[in-house]
Amino acid sequence: ARPRPSTVRDLPRAAWISARASTPNVPLAVLSVPIYAFSILPMTLRGGLYLDRTRTGTVLFERRRPILDGFVVALVTAAAFVLWVACTLVFDATIMLLLGLAIYAVLLAGAVIALVQPGGTTLSASGPETPKGERWMVAALAQLPGTRLTAVMLARRLVEHAPAGSVLVAAAATDALLERYVRAGFTAGRARRVYRLVPAQT
């Protein structure tokens, strides 16, 4: 059976797995958790977040809808700003200003940490080499250090249940992961992009 998607309640755990898998130590992972949570929130809301049974591996798998995801990001950002402004009117403005700057600094630090890690990928999993069709994203494939490769096995199960005729797209974070995608039947493109055509039903 196809794995059941996780919920927003699992977002902190998934963000921690992604942060810990992408950073060299725990302090840097802690700083980058908020930005990872923010980045995987849109697909989580669309039912695209999956954690394995051991809760040590995670993957995003859902239809690619960049405009909708961008709208969610903009909406969450606007809501957070409105909430911050409202709090400055209710509580001490100086304290809220300092708190807002602190939160912004943490998010900025997390973004910088995520960007400077070795093995960074292209911003898009689709490119000129990607075939046309309904595209489904395989993203945020992450595994806690020192645990089994449950995220890879979870991704394989999800791929097996991909809609017929769809085009699976992903961007490998490392050359090693790129090789795993290729062995799983994906075709390599530029900038570590990969794709796989799911046969249409006959």
# chains A, B, ... in the order shown; residues from 1 in each chain; ligands from 1

$ select_by_dssp --residues "stretch 4-200 of chain A" --states "strand (DSSP E)" --output "MDAnalysis selection string"
chainID A and resid 49:51 57:63 135:143 167:171 187:188 193:197

$ write_last_selection --atoms "N, CA, C and O atoms" --output "short mmCIF file (atom, residue, chain, number, x, y, z; two decimals), in the first residue's frame"
data_model
loop_
_atom_site.label_atom_id
_atom_site.label_comp_id
_atom_site.auth_asym_id
_atom_site.auth_seq_id
_atom_site.Cartn_x
_atom_site.Cartn_y
_atom_site.Cartn_z
N LEU A 49 4.12 15.51 2.68
CA LEU A 49 5.19 15.16 3.61
C LEU A 49 5.03 13.71 4.08
O LEU A 49 3.95 13.30 4.48
N TYR A 50 6.16 12.98 4.04
CA TYR A 50 6.14 11.59 4.49
C TYR A 50 7.32 11.33 5.42
O TYR A 50 8.45 11.74 5.13
N LEU A 51 7.04 10.66 6.54
CA LEU A 51 8.07 10.16 7.44
C LEU A 51 7.98 8.65 7.48
O LEU A 51 6.87 8.09 7.42
N GLY A 57 13.72 9.13 8.77
CA GLY A 57 13.88 9.54 7.38
C GLY A 57 12.64 10.26 6.89
O GLY A 57 11.53 10.00 7.36
N THR A 58 12.82 11.17 5.96
CA THR A 58 11.69 11.96 5.46
C THR A 58 11.86 12.23 3.97
O THR A 58 12.98 12.25 3.44
N VAL A 59 10.74 12.45 3.31
CA VAL A 59 10.76 12.80 1.89
C VAL A 59 9.48 13.56 1.57
O VAL A 59 8.44 13.33 2.20
N LEU A 60 9.56 14.47 0.63
CA LEU A 60 8.39 15.17 0.11
C LEU A 60 8.03 14.55 -1.24
O LEU A 60 8.90 14.37 -2.10
N PHE A 61 6.76 14.24 -1.42
CA PHE A 61 6.32 13.67 -2.69
C PHE A 61 4.91 14.18 -2.98
O PHE A 61 3.96 13.83 -2.30
N GLU A 62 4.80 15.03 -3.97
CA GLU A 62 3.51 15.62 -4.30
C GLU A 62 3.62 16.25 -5.68
O GLU A 62 4.71 16.51 -6.19
N ARG A 63 2.47 16.51 -6.29
CA ARG A 63 2.44 17.16 -7.60
C ARG A 63 3.12 18.52 -7.51
O ARG A 63 2.94 19.26 -6.53
N ARG A 135 3.94 16.91 -13.58
CA ARG A 135 5.19 16.68 -12.85
C ARG A 135 4.94 16.51 -11.35
O ARG A 135 4.21 17.28 -10.75
N TRP A 136 5.59 15.49 -10.80
CA TRP A 136 5.52 15.20 -9.38
C TRP A 136 6.91 15.33 -8.79
O TRP A 136 7.88 14.80 -9.34
N MET A 137 6.99 16.03 -7.66
CA MET A 137 8.27 16.31 -7.02
C MET A 137 8.67 15.23 -6.03
O MET A 137 7.86 14.78 -5.22
N VAL A 138 9.93 14.83 -6.11
CA VAL A 138 10.56 14.04 -5.05
C VAL A 138 11.61 14.97 -4.45
O VAL A 138 12.59 15.31 -5.10
N ALA A 139 11.39 15.41 -3.20
CA ALA A 139 12.26 16.44 -2.63
C ALA A 139 12.48 16.19 -1.15
O ALA A 139 11.83 15.35 -0.53
N ALA A 140 13.43 16.97 -0.59
CA ALA A 140 13.73 16.93 0.85
C ALA A 140 14.00 15.52 1.34
O ALA A 140 13.63 15.15 2.45
N LEU A 141 14.65 14.72 0.52
CA LEU A 141 15.03 13.36 0.91
C LEU A 141 16.14 13.48 1.95
O LEU A 141 17.25 13.90 1.65
N ALA A 142 15.84 13.12 3.20
CA ALA A 142 16.80 13.33 4.29
C ALA A 142 16.76 12.17 5.27
O ALA A 142 15.71 11.57 5.50
N GLN A 143 17.91 11.92 5.88
CA GLN A 143 18.06 10.81 6.83
C GLN A 143 18.90 11.28 8.01
O GLN A 143 19.92 11.94 7.83
N VAL A 167 5.38 12.62 -14.71
CA VAL A 167 6.83 12.79 -14.82
C VAL A 167 7.36 13.11 -13.44
O VAL A 167 7.02 14.14 -12.85
N LEU A 168 8.19 12.23 -12.91
CA LEU A 168 8.78 12.45 -11.58
C LEU A 168 10.04 13.28 -11.74
O LEU A 168 10.89 12.97 -12.59
N VAL A 169 10.19 14.31 -10.92
CA VAL A 169 11.35 15.20 -11.01
C VAL A 169 11.97 15.35 -9.63
O VAL A 169 11.29 15.29 -8.61
N ALA A 170 13.27 15.53 -9.62
CA ALA A 170 14.00 15.72 -8.36
C ALA A 170 15.31 16.41 -8.66
O ALA A 170 15.76 16.48 -9.82
N ALA A 171 15.96 16.92 -7.60
CA ALA A 171 17.29 17.51 -7.70
C ALA A 171 18.14 16.87 -6.62
O ALA A 171 17.87 17.04 -5.43
N THR A 187 16.54 9.48 -15.07
CA THR A 187 17.47 9.96 -16.09
C THR A 187 18.13 11.24 -15.58
O THR A 187 17.43 12.17 -15.13
N ALA A 188 19.45 11.31 -15.63
CA ALA A 188 20.18 12.47 -15.12
C ALA A 188 20.14 13.62 -16.12
O ALA A 188 20.27 13.41 -17.34
N ARG A 193 19.86 17.55 -11.76
CA ARG A 193 18.43 17.31 -11.93
C ARG A 193 18.22 15.91 -12.49
O ARG A 193 19.02 15.42 -13.29
N VAL A 194 17.13 15.29 -12.10
CA VAL A 194 16.78 13.96 -12.62
C VAL A 194 15.29 13.93 -12.92
O VAL A 194 14.51 14.69 -12.36
N TYR A 195 14.90 13.02 -13.80
CA TYR A 195 13.48 12.82 -14.08
C TYR A 195 13.23 11.35 -14.42
O TYR A 195 14.16 10.60 -14.78
N ARG A 196 11.98 10.96 -14.28
CA ARG A 196 11.58 9.58 -14.62
C ARG A 196 10.16 9.60 -15.14
O ARG A 196 9.28 10.19 -14.52
N LEU A 197 9.95 8.96 -16.27
CA LEU A 197 8.62 8.87 -16.86
C LEU A 197 7.89 7.66 -16.31
O LEU A 197 8.43 6.55 -16.32
#

$ select_by_dssp --residues "stretch 51-195 of chain A" --states "alpha helix (DSSP H)" --output "ChimeraX atom specification"
/A:66-90,93-116,150-160,175-183

$ closest_residue --among "A:Arg55, A:Ser39, A:Trp16, A:Leu178" --to "A:Leu154" --atoms "only C-alpha atoms"
A:Arg55
